Amino acid sequence: TTEINQLKGNSTVASVATLTANVDNNSFVQITAQAQNLTIAAPTGTPFLGQKLIINITDNGTTRTISWNAVFNVVGVTLPTATTPNKQLYIGLIYNSNTSNWDVVAVKEEV
C-alpha cells in the first residue's frame with residue numbers, strides 16, 4: 001500500500017503500568033520517566049504489512065521490569081525484560097500480517 005512509507009504521529013507519557021500503542025495514530029510511542037514495572041500490551045488499531053512502530057522507554061532512575069504480550073515475535077535480537085536506570089531504550093518493530101505478529105527487529109540502549 002502507499003501507507004508503507006508513511007509515519008504516523010507520536011505519543012508521549014511519563015509513566016504507565018500498561019503501554020498499549022494505537023498504531024492507527026502513532027508510529028512512535030515514548031515513556032519519559034517510567035515509575036513502575038511495565039507491561040507492553042498488543043497494539044490496538046488496524047496495522048498493515050510492513051508497518052513500523054518504535055517504542056522508546058526511559059525509567060525514572062530505578063530499574064523497571066518489562067513484560068511483553070505474545071504478539072511480539074523476536075527476530076534476531078534479545079527482547080528487553082528490564083530497563084537500565086536513566087538509559088533510553090529503543091525497540092523497533094515491523095508488523096507481519098502473515099503471522100499477525102509484531103516482529104521485534106531492533107533493540108538499542110543508550111550507552
# chains A, B, ... in the order shown; residues from 1 in each chain; ligands from 1

call {"tool": "residues_around", "arguments": {"residues": "A:Pro43", "least_positions_apart": "2", "cutoff": "9 Å", "atoms": "only C-alpha atoms", "output": "list in words"}}
result
Leu19, Thr20, Ala21, Asn22, Val23, Ile40, Ala41, Gly45, Thr46, Pro47, Val71 and Trp102 of chain A

call {"tool": "residues_around", "arguments": {"residues": "A:Asp59", "least_positions_apart": "6", "cutoff": "8 Å", "atoms": "only C-alpha atoms", "output": "PyMOL selection string"}}
result
chain A and resi 31-35+83-88

call {"tool": "closest_residue", "arguments": {"among": "A:Thr78, A:Gln36, A:Asn25, A:Ser67", "to": "A:Leu53", "atoms": "only C-alpha atoms"}}
result
A:Asn25

call {"tool": "residues_around", "arguments": {"residues": "A:Ser27", "least_positions_apart": "5", "cutoff": "8 Å", "atoms": "only C-alpha atoms", "output": "compact mmCIF listing (two decimals) with N, CA and C atoms, in the first residue's frame"}}
result
# COMPACT_ATOMS: atom_id res chain seq x y z
N LEU A 7 4.95 7.61 8.05
CA LEU A 7 4.93 7.51 9.50
C LEU A 7 3.72 8.25 10.02
N LYS A 8 3.16 7.73 11.08
CA LYS A 8 2.01 8.36 11.70
C LYS A 8 2.51 9.24 12.84
N GLY A 9 1.66 9.64 13.74
CA GLY A 9 2.01 10.54 14.83
C GLY A 9 2.83 9.89 15.92
N ASN A 10 2.86 10.55 17.06
CA ASN A 10 3.60 10.04 18.21
C ASN A 10 2.79 10.27 19.47
N LYS A 52 5.69 0.14 10.60
CA LYS A 52 6.74 0.28 11.61
C LYS A 52 6.18 0.87 12.89
N LEU A 53 6.78 0.47 14.00
CA LEU A 53 6.45 1.02 15.31
C LEU A 53 7.76 1.09 16.10
N ILE A 54 8.00 2.23 16.73
CA ILE A 54 9.17 2.39 17.59
C ILE A 54 8.67 2.71 18.99

call {"tool": "closest_residue", "arguments": {"among": "A:Leu93, A:Ala82, A:Val77, A:Glu109", "to": "A:Gly50", "atoms": "only C-alpha atoms"}}
result
A:Leu93

call {"tool": "select_by_dssp", "arguments": {"residues": "stretch 4-99 of chain A", "states": "strand (DSSP E)", "output": "PyMOL selection string"}}
result
chain A and resi 9-13+18-19+26-34+38-40+52-59+66-68+72-74+89-96

call {"tool": "closest_residue", "arguments": {"among": "A:Phe48, A:Pro80, A:Gln30, A:Thr58", "to": "A:Thr99", "atoms": "only C-alpha atoms"}}
result
A:Phe48

call {"tool": "atom_distance", "arguments": {"atom1": "atom CA of A:Asn37", "atom2": "atom CA of A:Phe72"}}
result
18.1 Å

call {"tool": "select_by_dssp", "arguments": {"residues": "stretch 2-109 of chain A", "states": "helix (DSSP H, G or I)", "output": "PyMOL selection string"}}
result
chain A and resi 2-5

call {"tool": "atom_distance", "arguments": {"atom1": "atom CA of A:Val105", "atom2": "atom CA of A:Leu49"}}
result
14.6 Å
